[in-house]
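Raw contents of protein.cif, mmCIF, C-alpha atoms and all ligand atoms:
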```
data_data
#
loop_
_atom_site.label_atom_id
_atom_site.label_comp_id
_atom_site.auth_asym_id
_atom_site.auth_seq_id
_atom_site.Cartn_x
_atom_site.Cartn_y
_atom_site.Cartn_z
CA MET A 269 -16.24 70.89 19.95
CA LEU A 270 -12.92 72.66 20.31
CA VAL A 271 -10.05 70.50 19.04
CA VAL A 272 -6.52 71.07 20.36
CA HIS A 273 -3.65 69.65 18.30
CA HIS A 274 -0.69 69.07 20.56
CA LEU A 275 2.72 68.25 19.11
CA GLN A 276 4.26 66.30 21.97
CA VAL A 277 7.24 67.88 23.76
CA SER A 278 6.46 71.32 22.40
CA GLN A 279 4.98 74.70 23.20
CA SER A 280 1.50 73.46 22.39
CA GLU A 281 1.53 72.05 25.95
CA ARG A 282 0.45 75.58 26.88
CA ILE A 283 -2.91 75.14 25.18
CA VAL A 284 -3.60 71.79 26.86
CA TRP A 285 -2.75 73.40 30.20
CA LEU A 286 -5.03 76.38 29.45
CA CYS A 287 -7.99 74.10 28.65
CA GLU A 288 -7.40 72.14 31.87
CA GLU A 289 -7.21 75.35 33.94
CA LEU A 290 -10.44 76.60 32.39
CA GLY A 291 -12.11 73.21 32.79
CA ILE A 292 -13.67 73.43 29.33
CA ASP A 293 -14.70 70.59 27.02
CA TYR A 294 -12.16 69.95 24.30
CA GLU A 295 -10.87 67.12 22.20
CA LEU A 296 -7.13 66.54 22.46
CA LYS A 297 -5.30 65.20 19.41
CA LEU A 298 -1.71 64.14 20.04
CA HIS A 299 0.98 64.28 17.35
CA LYS A 300 4.49 62.83 17.65
CA ARG A 301 7.56 64.63 16.29
CA ASP A 302 9.02 63.06 13.12
CA PRO A 303 11.72 62.74 14.36
CA ILE A 304 12.26 66.36 15.51
CA PHE A 305 10.00 68.53 13.40
CA SER A 306 6.25 68.34 12.83
CA PRO A 307 4.77 65.19 11.29
CA LYS A 308 2.61 65.38 8.16
CA SER A 309 -0.54 65.31 10.33
CA ILE A 310 0.36 68.82 11.62
CA LYS A 311 1.69 70.10 8.29
CA ASP A 312 -1.62 69.17 6.67
CA LEU A 313 -3.50 71.47 9.05
CA HIS A 314 -1.74 74.80 8.51
CA PRO A 315 0.68 76.29 5.93
CA LEU A 316 3.43 76.75 8.55
CA GLY A 317 2.98 73.30 10.05
CA ALA A 318 3.85 74.47 13.55
CA ALA A 319 2.05 73.67 16.81
CA PRO A 320 -0.14 74.64 18.53
CA ILE A 321 -3.08 74.49 16.18
CA ILE A 322 -6.67 74.58 17.31
CA GLN A 323 -9.85 73.92 15.36
CA ASP A 324 -13.31 75.15 16.23
CA GLY A 325 -16.00 74.44 13.65
CA ASP A 326 -14.69 75.91 10.37
CA LEU A 327 -11.89 77.80 12.09
CA THR A 328 -8.28 76.64 12.13
CA LEU A 329 -6.00 78.84 14.23
CA ALA A 330 -2.27 78.77 15.03
CA GLU A 331 0.13 80.97 17.12
CA SER A 332 0.09 80.28 20.85
CA PRO A 333 -1.04 83.74 22.07
CA ALA A 334 -3.82 83.86 19.43
CA CYS A 335 -5.02 80.38 20.49
CA VAL A 336 -4.86 81.42 24.15
CA GLU A 337 -6.87 84.62 23.59
CA TYR A 338 -9.40 82.85 21.38
CA ILE A 339 -10.04 80.05 23.89
CA ILE A 340 -10.23 82.42 26.86
CA HIS A 341 -12.72 84.77 25.20
CA ILE A 342 -14.79 82.33 23.14
CA HIS A 343 -14.84 79.33 25.47
CA GLY A 344 -13.65 80.57 28.88
CA SER A 345 -15.82 83.63 29.59
CA GLY A 346 -12.69 85.76 29.77
CA ARG A 347 -11.23 83.84 32.72
CA LEU A 348 -7.42 83.92 33.16
CA ALA A 349 -7.19 87.24 31.27
CA LEU A 350 -7.01 90.35 33.45
CA PRO A 351 -9.45 93.01 32.17
CA PRO A 352 -8.46 96.67 31.58
CA SER A 353 -10.27 97.59 34.82
CA HIS A 354 -7.95 95.33 36.87
CA LYS A 355 -5.20 97.09 38.87
CA ASP A 356 -2.62 94.70 37.40
CA TYR A 357 -3.80 94.94 33.80
CA ALA A 358 -0.58 96.51 32.49
CA LYS A 359 1.53 93.93 34.33
CA TYR A 360 -0.60 91.20 32.80
CA LEU A 361 -0.22 92.63 29.29
CA TYR A 362 3.53 93.03 29.69
CA TRP A 363 4.25 89.46 30.80
CA PHE A 364 1.69 88.00 28.39
CA HIS A 365 3.64 89.54 25.48
CA PHE A 366 7.09 89.10 27.02
CA ALA A 367 6.63 85.31 26.79
CA ASN A 368 6.53 85.04 23.00
CA GLY A 369 7.94 88.47 22.12
CA THR A 370 11.18 88.30 24.13
CA LEU A 371 11.74 85.19 26.28
CA GLN A 372 11.01 82.41 23.77
CA PRO A 373 12.91 84.19 20.91
CA ALA A 374 15.92 84.57 23.25
CA ILE A 375 16.21 80.84 23.93
CA SER A 376 15.35 79.98 20.31
CA ARG A 377 18.31 82.09 19.13
CA LEU A 378 20.56 80.19 21.53
CA LEU A 379 19.24 76.91 20.17
CA LEU A 380 19.98 78.02 16.60
CA LEU A 381 23.50 79.11 17.48
CA GLN A 382 24.07 75.82 19.32
CA SER A 383 23.00 73.96 16.16
CA ALA A 384 25.45 76.08 14.12
CA LYS A 385 28.17 74.77 16.51
CA LEU A 386 29.73 78.22 16.99
CA ASP A 387 32.38 78.69 19.63
CA LYS A 388 31.05 79.85 23.04
CA GLN A 389 33.46 82.84 22.83
CA ASN A 390 32.00 83.98 19.52
CA ASP A 391 30.65 87.55 19.99
CA ILE A 392 27.14 86.72 18.79
CA VAL A 393 26.94 83.64 21.01
CA ARG A 394 28.17 85.65 24.01
CA ARG A 395 25.75 88.53 23.41
CA THR A 396 22.83 86.15 22.90
CA ALA A 397 23.65 84.27 26.10
CA GLU A 398 23.89 87.60 27.99
CA ARG A 399 20.48 88.58 26.65
CA MET A 400 18.99 85.32 27.94
CA SER A 401 20.54 85.87 31.38
CA LEU A 402 19.17 89.43 31.41
CA CYS A 403 15.66 88.11 30.69
CA LEU A 404 15.91 85.57 33.51
CA GLU A 405 17.32 88.12 35.99
CA HIS A 406 14.50 90.48 35.06
CA MET A 407 11.86 87.81 35.70
CA ASP A 408 13.56 86.63 38.88
CA LYS A 409 13.62 90.19 40.30
CA HIS A 410 9.98 90.70 39.37
CA LEU A 411 8.96 87.52 41.20
CA ALA A 412 11.10 88.54 44.20
CA LYS A 413 8.97 91.68 44.62
CA GLY A 414 6.07 89.71 46.11
CA ASN A 415 4.56 88.71 42.77
CA THR A 416 3.23 85.19 43.34
CA TRP A 417 2.34 84.98 39.66
CA LEU A 418 3.63 87.09 36.77
CA ALA A 419 0.64 89.44 36.79
CA GLY A 420 0.75 89.76 40.59
CA ASP A 421 -1.58 87.86 42.93
CA GLU A 422 -3.66 86.23 40.23
CA PHE A 423 -2.61 83.27 38.15
CA SER A 424 -3.24 84.21 34.51
CA ALA A 425 -2.63 83.40 30.86
CA ALA A 426 0.71 85.23 31.18
CA ASP A 427 1.92 82.32 33.33
CA ILE A 428 0.55 79.75 30.91
CA LEU A 429 2.46 81.32 28.01
CA THR A 430 5.72 81.62 29.94
CA VAL A 431 6.27 78.29 31.69
CA PHE A 432 7.07 76.23 28.56
CA THR A 433 10.25 78.29 27.96
CA LEU A 434 11.39 77.67 31.54
CA THR A 435 10.67 73.93 31.44
CA THR A 436 10.21 71.74 28.34
CA MET A 437 12.15 74.13 26.07
CA ARG A 438 15.22 73.41 28.23
CA SER A 439 15.30 69.86 26.88
CA PHE A 440 16.20 71.49 23.52
CA TYR A 441 18.61 74.07 24.94
CA PRO A 442 20.26 73.21 28.29
CA LEU A 443 19.52 76.33 30.30
CA ASP A 444 20.52 76.11 33.97
CA LEU A 445 18.01 77.92 36.19
CA SER A 446 19.85 77.14 39.45
CA PRO A 447 20.91 80.79 40.09
CA TYR A 448 17.33 82.04 39.79
CA HIS A 449 15.78 81.17 43.16
CA ASN A 450 12.57 83.10 42.64
CA ILE A 451 11.95 81.47 39.27
CA LEU A 452 12.54 78.07 40.85
CA ALA A 453 10.09 78.82 43.68
CA TYR A 454 7.60 79.99 41.02
CA LEU A 455 8.03 76.72 39.10
CA GLN A 456 7.34 74.78 42.30
CA ARG A 457 4.05 76.70 42.63
CA VAL A 458 3.26 75.82 39.01
CA GLY A 459 3.97 72.14 39.69
CA LYS A 460 1.42 72.15 42.50
CA ARG A 461 -1.41 73.20 40.18
CA GLU A 462 -3.62 70.20 39.48
CA ALA A 463 -4.45 71.46 35.99
CA TYR A 464 -0.73 71.59 35.14
CA THR A 465 -0.26 67.98 36.22
CA ARG A 466 -3.40 66.87 34.40
CA ALA A 467 -2.26 68.59 31.20
CA HIS A 468 1.16 66.98 31.49
CA GLU A 469 -0.29 63.49 32.02
CA LYS A 470 -2.72 63.90 29.10
CA GLY A 471 -0.40 65.64 26.66
CA ASP A 472 3.00 64.15 27.43
CA PRO A 473 2.56 61.07 29.61
CA GLY A 474 5.93 59.75 30.78
CA LEU A 475 7.77 63.00 30.03
CA GLU A 476 9.80 64.18 33.03
CA TYR A 477 8.71 67.37 34.82
CA MET A 478 11.38 70.01 34.22
CA LEU A 479 10.74 72.22 37.22
CA GLU A 480 14.18 72.01 38.87
CA GLY A 481 17.25 74.19 38.27
CA PRO A 482 19.75 71.95 36.43
CA PRO A 483 19.08 71.43 32.72
CA PRO A 484 16.92 68.36 32.02
CA ASP A 485 18.05 65.53 29.73
CA SER A 486 18.34 66.71 26.17
CA PHE A 487 15.55 65.82 23.77
CA PHE A 488 18.17 65.18 21.11
CA SER A 489 20.02 62.66 23.29
CA LYS A 490 16.73 60.82 23.80
CA LEU A 491 16.56 60.50 20.02
CA GLY A 492 19.98 58.90 20.11
CA GLY A 493 21.73 62.23 19.37
CA LYS A 494 20.43 62.17 15.78
CA LEU A 495 18.67 65.00 13.96
N1 LIG A 501 5.15 81.44 17.15
C1 LIG A 501 4.56 80.13 17.17
C2 LIG A 501 5.68 79.10 17.09
C3 LIG A 501 5.17 77.71 16.85
C4 LIG A 501 6.32 76.70 16.79
O1 LIG A 501 7.43 77.00 16.31
N2 LIG A 501 6.05 75.49 17.26
C5 LIG A 501 7.05 74.45 17.30
C6 LIG A 501 6.84 73.63 18.55
S1 LIG A 501 7.83 74.16 19.90
C7 LIG A 501 6.89 73.48 16.14
O2 LIG A 501 5.78 73.24 15.72
N3 LIG A 501 7.99 72.89 15.69
C8 LIG A 501 7.98 71.85 14.70
C9 LIG A 501 8.18 72.36 13.32
O3 LIG A 501 8.28 73.59 13.11
O4 LIG A 501 8.26 71.51 12.42
C10 LIG A 501 3.68 79.96 18.41
O5 LIG A 501 3.89 80.69 19.38
O6 LIG A 501 2.78 79.13 18.43
#
```
Please express what this file holds, its structure, as structure tokens.
Ligand SMILES: N[C@@H](CCC(=O)N[C@@H](CS)C(=O)NCC(=O)O)C(=O)O
Amino acid sequence: MLVVHHLQVSQSERIVWLCEELGIDYELKLHKRDPIFSPKSIKDLHPLGAAPIIQDGDLTLAESPACVEYIIHIHGSGRLALPPSHKDYAKYLYWFHFANGTLQPAISRLLLLQSAKLDKQNDIVRRTAERMSLCLEHMDKHLAKGNTWLAGDEFSAADILTVFTLTTMRSFYPLDLSPYHNILAYLQRVGKREAYTRAHEKGDPGLEYMLEGPPPDSFFSKLGGKL
């Protein structure tokens, strides 16, 4: 049985969502942050102690895109991955890798700089914020060109990898998506997917849905502002 370790309020929500979209059998193990980083139960599973982590027989695997590809190809008969013969294969590949190669690092850098309490006018802070805006404008324009989903007409693993950065990650860094109307319409489509709602209720029951423009409540403030 495939086991999915989900650190609550984290990017491992992607793997829960993937399993729900594929409708496969899996065992979900929930882990709570302690108080912000991984608890010992996650650290014991993998040298880096970061979620997601999946286990399948003797295999223990980390890294979101690796977990996604493994589950799709080993347990999902290739569903939600566009094959090389598909007309939108290159689009699929691009957005699949954009999620963890560009978008998530961009917001993570902002989060780090926020923690360093640098002035907003600091050159590095300004350039990093501009880079984030460029990423969002790029995605917004892509969605405006009639792309219902990131790879075109078909919902795919590229969407599953991307949505965390646009939603739950904003409770760590207060990104305002209000100017990006096409991203907001896209997030509304995501919110209507039953598998997304099921994953949310199983993985993070009680956590607000962060599908609207203004930044959601900060995760840190929910912890009483303490690190
Ligand atoms: N590149 C990894 C990053 C994994 C990662 O940093 N996960 C975060 C959750 S958002 C985590 O486990 N943080 C807690 C910690 O590092 O202690 C992936 O895509 O899976």
Kindly give the distance, in Å, that separates atom CA of A:Leu329 and atom CA of A:Leu361, rounded to a single decimal.
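Separation between atom CA of A:Leu329 and atom CA of A:Leu361: 21.2 Å.
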Name the residues within 12 Å of (0.8, 71.4, 33.6), counting all atoms listed in the file in the file's coordinates, and put them as a PyMOL selection string.
chain A and resi 279-289+427-432+435-436+455-473+475-479
What is the atom CA of A:Leu404 to atom CA of A:Ile451 distance in Å?
8.1 Å
May I have a table of the residues of chain A lying at most 10 Å from ligand LIG 501 (chain A), giving each one's closest pair of atoms and their distance in Å to one decimal, counting only C-alpha atoms and all ligand atoms, ordered by chain and ascending residue number, as a Markdown table?
```
| residue | atom | partner | partner_atom | distance |
| --- | --- | --- | --- | --- |
| A:His274 | CA | A:LIG501 | C6 | 9.0 |
| A:Leu275 | CA | A:LIG501 | O2 | 6.8 |
| A:Gln276 | CA | A:LIG501 | C6 | 8.5 |
| A:Val277 | CA | A:LIG501 | S1 | 7.4 |
| A:Ser278 | CA | A:LIG501 | S1 | 4.0 |
| A:Gln279 | CA | A:LIG501 | S1 | 4.4 |
| A:Ser280 | CA | A:LIG501 | C6 | 6.6 |
| A:Glu281 | CA | A:LIG501 | S1 | 9.0 |
| A:Arg282 | CA | A:LIG501 | O6 | 9.5 |
| A:Ile283 | CA | A:LIG501 | O6 | 9.7 |
| A:Arg301 | CA | A:LIG501 | C8 | 7.4 |
| A:Asp302 | CA | A:LIG501 | O4 | 8.5 |
| A:Pro303 | CA | A:LIG501 | O4 | 9.6 |
| A:Ile304 | CA | A:LIG501 | C8 | 7.0 |
| A:Phe305 | CA | A:LIG501 | O4 | 3.6 |
| A:Ser306 | CA | A:LIG501 | O4 | 3.8 |
| A:Pro307 | CA | A:LIG501 | O4 | 7.3 |
| A:Lys308 | CA | A:LIG501 | O4 | 9.4 |
| A:Ile310 | CA | A:LIG501 | O2 | 8.1 |
| A:Lys311 | CA | A:LIG501 | O4 | 7.9 |
| A:Leu316 | CA | A:LIG501 | O3 | 7.4 |
| A:Gly317 | CA | A:LIG501 | O4 | 6.1 |
| A:Ala318 | CA | A:LIG501 | O2 | 3.2 |
| A:Ala319 | CA | A:LIG501 | O2 | 3.9 |
| A:Pro320 | CA | A:LIG501 | O6 | 5.4 |
| A:Ile321 | CA | A:LIG501 | O6 | 7.8 |
| A:Leu329 | CA | A:LIG501 | O6 | 9.7 |
| A:Ala330 | CA | A:LIG501 | O6 | 6.1 |
| A:Glu331 | CA | A:LIG501 | O6 | 3.5 |
| A:Ser332 | CA | A:LIG501 | O6 | 3.8 |
| A:Pro333 | CA | A:LIG501 | O5 | 6.4 |
| A:Ala334 | CA | A:LIG501 | O6 | 8.2 |
| A:Cys335 | CA | A:LIG501 | O6 | 8.2 |
| A:Val336 | CA | A:LIG501 | O6 | 9.8 |
| A:Ala367 | CA | A:LIG501 | O5 | 9.2 |
| A:Asn368 | CA | A:LIG501 | O5 | 6.2 |
| A:Gly369 | CA | A:LIG501 | N1 | 9.1 |
| A:Gln372 | CA | A:LIG501 | O5 | 8.5 |
| A:Pro373 | CA | A:LIG501 | N1 | 9.1 |
| A:Ser376 | CA | A:LIG501 | O1 | 9.4 |
| A:Leu429 | CA | A:LIG501 | O5 | 8.8 |
| A:Phe432 | CA | A:LIG501 | S1 | 8.9 |
| A:Thr433 | CA | A:LIG501 | S1 | 9.4 |
| A:Thr436 | CA | A:LIG501 | S1 | 9.1 |
| A:Met437 | CA | A:LIG501 | S1 | 7.5 |
| A:Phe440 | CA | A:LIG501 | S1 | 9.5 |
```
Residue among A:Ser424, A:Thr328, A:Asn390, A:Gln323 lying closest to A:Pro351, counting all atoms listed in the file
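Result for the nearest residue to A:Pro351: A:Ser424.
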Which residues, protein or nucleic acid, reach to within 9 Å of (-8.2, 90.1, 30.2) in the file's coordinates when using all atoms listed in the file, and can you give that as number ranges by chain?
A: 337, 340-341, 346-352, 354, 357, 360-361, 424-425
For a test of reading the model, state the distance in Å between atom CA of A:Lys359 and atom CA of A:His406, rounded to one decimal.
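Interatomic distance here is 13.4 Å.
Between A:Asn415 and the residues A:Ala453, A:Leu386, A:Ile292, A:Val271, the shortest atom-to-atom distance, using only C-alpha atoms, involves A:Ala453.
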Out of A:Leu313, A:Arg377, A:Leu491, A:Asp356, which residue has the shortest atom-to-atom distance to A:Leu327 when counting only C-alpha atoms?
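Of A:Leu313, A:Arg377, A:Leu491, A:Asp356, the one nearest A:Leu327, counting only C-alpha atoms, is A:Leu313.
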With distances taken over only C-alpha atoms, which of A:Ala358, A:Leu290, A:Leu380, A:Leu298 is nearest to A:Gly420?
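Selected residue with least distance to A:Gly420: A:Ala358.
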Point out the residue among A:Phe488, A:Asp326, A:Ser446, A:Tyr362 with the least atom-to-atom distance to A:Asp408, counting all atoms listed in the file.
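Ranked by minimum distance to A:Asp408, first place goes to A:Ser446.
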Could you pull the residues within 12 Å of A:Lys388, counting all atoms listed in the file, minus those fewer than 5 positions along the same chain, as a PyMOL selection string?
chain A and resi 378+381-382+393-398
To test the calculation: enclose all listed atoms of stretch 428-447 of chain A in a box whose edges run along x, y and z, add 4 Å on each side, then state centre and edge lengths in Å to one decimal, as JSON.
```
{"center_x": 10.7, "center_y": 75.7, "center_z": 31.8, "size_x": 28.4, "size_y": 19.8, "size_z": 24.6}
```
Which residue of A:Trp363, A:Pro482, A:Leu296, A:Gly325 approaches A:Met269 most closely, using only C-alpha atoms:
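Ranked by minimum distance to A:Met269, first place goes to A:Gly325.
Look at A:Asp485: the protein and nucleic acid residues within 7 Å of it, using only C-alpha atoms and passing over chain neighbours fewer than 2 places away, are Ser439, Pro483 and Phe487 of chain A.
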For those residues, write C-alpha atoms to a file as a PDB file, in the coordinates of the input.
```pdb
ATOM      1  CA  SER A 439      15.300  69.860  26.880  1.00  0.00           C
ATOM      2  CA  PRO A 483      19.080  71.430  32.720  1.00  0.00           C
ATOM      3  CA  PHE A 487      15.550  65.820  23.770  1.00  0.00           C
TER       4      PHE A 487
END
```
Atoms added to stretch 392-403 of chain A (all heavy atoms), reported as a tab-separated table (two decimals), in the frame of the given file:
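Listing of rebuild_7.tsv after writing:
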```
chain	number	residue	atom	x	y	z
A	392	ILE	N	28.60	86.84	18.90
A	392	ILE	CA	27.14	86.72	18.79
A	392	ILE	C	26.62	85.74	19.83
A	392	ILE	O	25.62	85.98	20.50
A	392	ILE	CB	26.73	86.27	17.37
A	392	ILE	CG1	27.19	87.30	16.35
A	392	ILE	CG2	25.21	86.09	17.26
A	392	ILE	CD1	27.03	86.87	14.92
A	393	VAL	N	27.35	84.64	20.01
A	393	VAL	CA	26.94	83.64	21.01
A	393	VAL	C	26.96	84.27	22.39
A	393	VAL	O	26.01	84.12	23.19
A	393	VAL	CB	27.88	82.40	20.96
A	393	VAL	CG1	27.52	81.41	22.06
A	393	VAL	CG2	27.82	81.73	19.59
A	394	ARG	N	28.03	85.02	22.68
A	394	ARG	CA	28.17	85.65	24.01
A	394	ARG	C	27.04	86.65	24.25
A	394	ARG	O	26.39	86.64	25.29
A	394	ARG	CB	29.53	86.36	24.09
A	394	ARG	CG	30.33	85.94	25.28
A	394	ARG	CD	31.72	86.54	25.38
A	394	ARG	NE	32.16	87.41	24.32
A	394	ARG	CZ	31.92	88.72	24.27
A	394	ARG	NH1	31.22	89.31	25.21
A	394	ARG	NH2	32.37	89.44	23.27
A	395	ARG	N	26.79	87.50	23.25
A	395	ARG	CA	25.75	88.53	23.41
A	395	ARG	C	24.37	87.89	23.57
A	395	ARG	O	23.54	88.34	24.35
A	395	ARG	CB	25.74	89.48	22.21
A	395	ARG	CG	26.69	90.65	22.36
A	395	ARG	CD	26.25	91.85	21.56
A	395	ARG	NE	26.05	91.54	20.14
A	395	ARG	CZ	27.02	91.54	19.24
A	395	ARG	NH1	28.26	91.82	19.61
A	395	ARG	NH2	26.76	91.26	17.98
A	396	THR	N	24.14	86.81	22.83
A	396	THR	CA	22.83	86.15	22.90
A	396	THR	C	22.65	85.48	24.26
A	396	THR	O	21.56	85.54	24.85
A	396	THR	CB	22.72	85.11	21.75
A	396	THR	OG1	23.09	85.76	20.54
A	396	THR	CG2	21.32	84.58	21.60
A	397	ALA	N	23.72	84.90	24.78
A	397	ALA	CA	23.65	84.27	26.10
A	397	ALA	C	23.43	85.35	27.18
A	397	ALA	O	22.66	85.15	28.13
A	397	ALA	CB	24.92	83.48	26.38
A	398	GLU	N	24.08	86.51	27.01
A	398	GLU	CA	23.89	87.60	27.99
A	398	GLU	C	22.44	88.09	27.98
A	398	GLU	O	21.87	88.39	29.01
A	398	GLU	CB	24.82	88.78	27.65
A	398	GLU	CG	26.24	88.56	28.14
A	398	GLU	CD	27.24	89.55	27.54
A	398	GLU	OE1	26.80	90.59	26.96
A	398	GLU	OE2	28.44	89.26	27.63
A	399	ARG	N	21.87	88.14	26.79
A	399	ARG	CA	20.48	88.58	26.65
A	399	ARG	C	19.53	87.61	27.39
A	399	ARG	O	18.60	88.03	28.07
A	399	ARG	CB	20.13	88.63	25.15
A	399	ARG	CG	18.77	89.07	24.83
A	399	ARG	CD	18.68	90.57	24.82
A	399	ARG	NE	17.33	91.02	24.56
A	399	ARG	CZ	16.89	92.22	24.85
A	399	ARG	NH1	17.70	93.10	25.39
A	399	ARG	NH2	15.67	92.57	24.60
A	400	MET	N	19.81	86.33	27.24
A	400	MET	CA	18.99	85.32	27.94
A	400	MET	C	19.11	85.51	29.44
A	400	MET	O	18.10	85.50	30.16
A	400	MET	CB	19.48	83.92	27.52
A	400	MET	CG	18.63	82.79	28.04
A	400	MET	SD	17.10	82.66	27.10
A	400	MET	CE	15.90	82.60	28.41
A	401	SER	N	20.33	85.70	29.93
A	401	SER	CA	20.54	85.87	31.38
A	401	SER	C	19.80	87.12	31.87
A	401	SER	O	19.20	87.13	32.95
A	401	SER	CB	22.02	86.02	31.72
A	401	SER	OG	22.71	84.92	31.23
A	402	LEU	N	19.85	88.17	31.04
A	402	LEU	CA	19.17	89.43	31.41
A	402	LEU	C	17.65	89.20	31.55
A	402	LEU	O	17.02	89.68	32.49
A	402	LEU	CB	19.43	90.45	30.30
A	402	LEU	CG	19.35	91.93	30.64
A	402	LEU	CD1	20.32	92.28	31.76
A	402	LEU	CD2	19.70	92.76	29.38
A	403	CYS	N	17.10	88.43	30.63
A	403	CYS	CA	15.66	88.11	30.69
A	403	CYS	C	15.34	87.37	31.98
A	403	CYS	O	14.35	87.67	32.65
A	403	CYS	CB	15.25	87.19	29.53
A	403	CYS	SG	15.21	88.00	27.95
```
